[in-house]
Amino acid sequence: MSNPFGTVPPEAILEGEATDAYFERTRATLEHAGKNPHVVAEVTADQFPTGGFDVFTGVEDVATLFEGRDVDVDALPDGHLFDGGPVLRIEGSYLEFAELETSLLGFLSQPSGFATAALEARLAAPDSLVLSFGARHVHPSIASTVERAALLAGLDGFSHVAAGKILGREAGGTMPHALMFCFGEGNQADAWTAFDEAVDADVPRIALVDTFWDEKSESLLAAETLGDDLDGVRIDTTSSRRGDFRHIIREVRWELDARGHEDVDIFCSGGLEPDSIRNLRDVADGFGVGSHITGADSVDFSLDIVEIEGEPISKRGKLSGVKDAYRTPEGGHHVALADGEGPAEGDSLLEPLVRDGEIVREFDLQDATERCLEDADAVGFDGSTA
C-alpha cells in the first residue's frame, strides 16, 4: 500500500490540496471573474495584547510551504513569544496562496500550543531534568513535531526514536512496566540485572520501581541489585494509587540516603503538569511530561486580508491595515500600523522569511531554544500562566 495509514502526503500539502473546500471554490470563482487582487494578509491570534504570551513556532514548515510561490512573507523568529498582533504577514496576488491557508494555520497553531505548554513545564522546574514523554498521545506522523516543540522550549530530551532520527537527536528512556511484567513479581532484580547486561553502557541505569511492591521497597532492592551502577529510580505510580506523591518521594529519598545511596536520582512521571512539578522539584531530580504538552490547546490563529490593492480593509471585528508588532524595553508587546510610529524604543519583531518565493532565513533549533528561554525571561513568562 502506498499510503497504509491514510495520512495526507507532503505532495498534497505543497500543492495546496490539503485545504478547505471553499478555497478551491474561491479560486474557481475568481478565475471565472478574472479577479486576482494584490493583497496583504496577516496571521494573528489576538489583535491586541492581553498580557498572556504564547510561543511562536512552525515557521520553518511555513517557509517550505511558500517556497517557489511568488509572494513575500515576514514572520516572527522561531521560538519568539508573542502577545497579540501579527505573527506572520503575506504579500502577493491572492491566488498565489489562497489554498495554502489551511495548512499554514495548521503548521503554526498546534506546534505553538505544544511549545507553550512545554515552556510551562520547563519553567516549573528550571534546574531539573525535564523530558518529553508525550508522543504516544498523538498520531505517529506528527511525533517529531511534538518533540521539536519540546526541545525548542528547553526540555532536555524526549522518548520517540523516529522523531530523534528526523531531529538528529538521540531518544531517551529506559524501561516500561511491560518489561517488569515479563519477569514477574518477585523477579524485579532479574529484570534490572538483565537490562543492565543487555543495554548499551551509555544508557542511564534508571530502574522502574513501582510495579509490584511499594516504591520504597523496590527502590531499595534496585539499589542493592545494581549497586554503584544504578543512576536513578523512576516512580510512575498512577494517580489513583499515588496518595501523597511528595511524601512518597521524600520517603524513598530518605531510605536511599540512609543506606548510602545519595547519588541515586529520583525521576517522576505519570500525568505531571506544571503545578505538580513545582510541588516536587525540591525533592525529585527529574520529570517526564506527556499529556500536558500533547493535550495543550492549539493557538487559535486566523489569517485575514488587511489590505487589498493598497487600500486597508477588514471584516467586522478585525483591524484593517498592515501592522507590525514590537517588543518594548520593559518586555511589553506593542501593536501598531506598519507605516505609523511604533514605540520610541521598541524593536520590530517581524523579519523577512520568503522573498519572491525564495526562503531568506536560516533555521537552527538551538538558536530557537535560546531565543525562547531568553524571551520568556524578558516578558516575565514564569510557567504559571500562558
# chains A, B, ... in the order shown; residues from 1 in each chain; ligands from 1

call {"tool": "select_by_dssp", "arguments": {"residues": "region 4-36 of chain A", "states": "alpha helix (DSSP H)", "output": "number ranges by chain"}}
result
A: 10-14, 21-33

call {"tool": "atom_distance", "arguments": {"atom1": "CA of Gly164 (chain A)", "atom2": "CA of Leu230 (chain A)"}}
result
25.2 Å

call {"tool": "residues_around", "arguments": {"residues": "Lys323 (chain A)", "least_positions_apart": "6", "cutoff": "6 Å", "atoms": "only C-alpha atoms", "output": "list in words"}}
result
Ala336, Leu337 and Ala338 of chain A

call {"tool": "residues_around", "arguments": {"residues": "Ala201 (chain A)", "least_positions_apart": "5", "cutoff": "12 Å", "atoms": "only C-alpha atoms", "output": "PDB file with C-alpha atoms, in the first residue's frame"}}
result
ATOM      1  CA  THR A 174      14.887   3.061  29.946  1.00  0.00           C
ATOM      2  CA  PHE A 195      18.582  -4.667  31.483  1.00  0.00           C
ATOM      3  CA  ASP A 196      21.998  -3.761  32.838  1.00  0.00           C
ATOM      4  CA  ASP A 229      25.796   1.168  38.557  1.00  0.00           C
ATOM      5  CA  LEU A 230      22.319   2.435  39.463  1.00  0.00           C
ATOM      6  CA  ASP A 231      21.899   6.017  38.257  1.00  0.00           C
TER       7      ASP A 231
END

call {"tool": "residues_around", "arguments": {"residues": "Cys182 (chain A)", "least_positions_apart": "5", "cutoff": "12 Å", "atoms": "only C-alpha atoms", "output": "PyMOL selection string"}}
result
chain A and resi 175-177+187-188+190-192+194+211

call {"tool": "write_last_selection", "arguments": {"atoms": "C-alpha atoms", "output": "PDB file, in the first residue's frame"}}
result
ATOM      1  CA  MET A 175      12.171   0.523  30.777  1.00  0.00           C
ATOM      2  CA  PRO A 176       8.346   0.201  30.845  1.00  0.00           C
ATOM      3  CA  HIS A 177       6.176  -1.764  33.228  1.00  0.00           C
ATOM      4  CA  ASN A 187      11.806 -11.221  39.975  1.00  0.00           C
ATOM      5  CA  GLN A 188      12.321  -7.479  39.768  1.00  0.00           C
ATOM      6  CA  ASP A 190      16.325 -10.253  37.480  1.00  0.00           C
ATOM      7  CA  ALA A 191      14.682  -7.673  35.236  1.00  0.00           C
ATOM      8  CA  TRP A 192      17.025  -4.872  36.297  1.00  0.00           C
ATOM      9  CA  ALA A 194      19.082  -8.283  32.527  1.00  0.00           C
ATOM     10  CA  THR A 211       5.360  -2.162  39.553  1.00  0.00           C
TER      11      THR A 211
END

call {"tool": "residues_around", "arguments": {"residues": "Gly380 (chain A)", "least_positions_apart": "3", "cutoff": "8 Å", "atoms": "only C-alpha atoms", "output": "JSON, numbers by chain"}}
result
{"A": [331, 376, 377]}

call {"tool": "atom_distance", "arguments": {"atom1": "CA of Ala368 (chain A)", "atom2": "CA of Val138 (chain A)"}}
result
23.4 Å

call {"tool": "residues_around", "arguments": {"residues": "Ala98 (chain A)", "least_positions_apart": "2", "cutoff": "12 Å", "atoms": "only C-alpha atoms", "output": "PyMOL selection string"}}
result
chain A and resi 15-28+30+36-41+66+69+71+90-96+100-104+303-305

call {"tool": "atom_distance", "arguments": {"atom1": "CA of Lys35 (chain A)", "atom2": "CA of Asp356 (chain A)"}}
result
20.9 Å

call {"tool": "select_by_dssp", "arguments": {"residues": "region 99-171 of chain A", "states": "strand (DSSP E)", "output": "ChimeraX atom specification"}}
result
/A:129-132,157-158

call {"tool": "closest_residue", "arguments": {"among": "A:Asp228, A:Asp265, A:Asp236, A:Glu307", "to": "Asp285 (chain A)", "atoms": "only C-alpha atoms"}}
result
A:Asp265

call {"tool": "closest_residue", "arguments": {"among": "A:Glu11, A:Asp78, A:Glu374, A:Glu273", "to": "Thr294 (chain A)", "atoms": "only C-alpha atoms"}}
result
A:Glu273

call {"tool": "closest_atom_pairs", "arguments": {"of": "region 286-315 of chain A", "to": "region 143-163 of chain A", "cutoff": "12 Å", "atoms": "only C-alpha atoms", "output": "tab-separated table"}}
result
residue	atom	partner	partner_atom	distance
A:Gly286	CA	A:Asp156	CA	10.0
A:Phe287	CA	A:Asp156	CA	10.1
A:Gly288	CA	A:Phe158	CA	8.7
A:Val289	CA	A:Phe158	CA	9.4
A:Gly290	CA	A:Phe158	CA	9.7
A:Ser291	CA	A:Val146	CA	11.0
A:His292	CA	A:Ala150	CA	11.2
A:Ile293	CA	A:Val146	CA	8.0
A:Thr294	CA	A:Val146	CA	7.1
A:Gly295	CA	A:Val146	CA	10.7
A:Ala296	CA	A:Val146	CA	10.8

call {"tool": "write_last_selection", "arguments": {"atoms": "N, CA, C and O atoms", "output": "tab-separated table (two decimals), in the first residue's frame"}}
result
chain	number	residue	atom	x	y	z
A	286	GLY	N	14.18	14.78	38.44
A	286	GLY	CA	13.79	14.90	37.05
A	286	GLY	C	12.35	14.50	36.84
A	286	GLY	O	11.72	13.84	37.69
A	287	PHE	N	11.81	14.89	35.67
A	287	PHE	CA	10.39	14.69	35.38
A	287	PHE	C	10.20	14.29	33.92
A	287	PHE	O	10.88	14.81	33.04
A	288	GLY	N	9.24	13.40	33.70
A	288	GLY	CA	8.77	13.10	32.36
A	288	GLY	C	7.39	13.69	32.20
A	288	GLY	O	6.49	13.43	33.00
A	289	VAL	N	7.20	14.52	31.16
A	289	VAL	CA	5.94	15.23	30.97
A	289	VAL	C	5.36	14.81	29.62
A	289	VAL	O	6.03	14.90	28.59
A	290	GLY	N	4.11	14.37	29.64
A	290	GLY	CA	3.49	13.91	28.40
A	290	GLY	C	2.23	14.66	28.04
A	290	GLY	O	2.23	15.56	27.21
A	291	SER	N	1.13	14.30	28.69
A	291	SER	CA	-0.17	14.82	28.28
A	291	SER	C	-0.30	16.33	28.46
A	291	SER	O	-1.12	16.96	27.78
A	292	HIS	N	0.46	16.92	29.37
A	292	HIS	CA	0.37	18.38	29.50
A	292	HIS	C	0.80	19.05	28.21
A	292	HIS	O	0.25	20.10	27.82
A	293	ILE	N	1.77	18.47	27.52
A	293	ILE	CA	2.25	19.03	26.26
A	293	ILE	C	1.32	18.67	25.11
A	293	ILE	O	0.82	19.54	24.39
A	294	THR	N	1.06	17.37	24.96
A	294	THR	CA	0.27	16.95	23.80
A	294	THR	C	-1.20	17.30	23.92
A	294	THR	O	-1.91	17.37	22.91
A	295	GLY	N	-1.67	17.52	25.13
A	295	GLY	CA	-3.05	17.91	25.32
A	295	GLY	C	-3.27	19.41	25.30
A	295	GLY	O	-4.40	19.87	25.55
A	296	ALA	N	-2.23	20.16	25.02
A	296	ALA	CA	-2.35	21.62	25.02
A	296	ALA	C	-3.30	22.09	23.92
A	296	ALA	O	-3.35	21.51	22.83
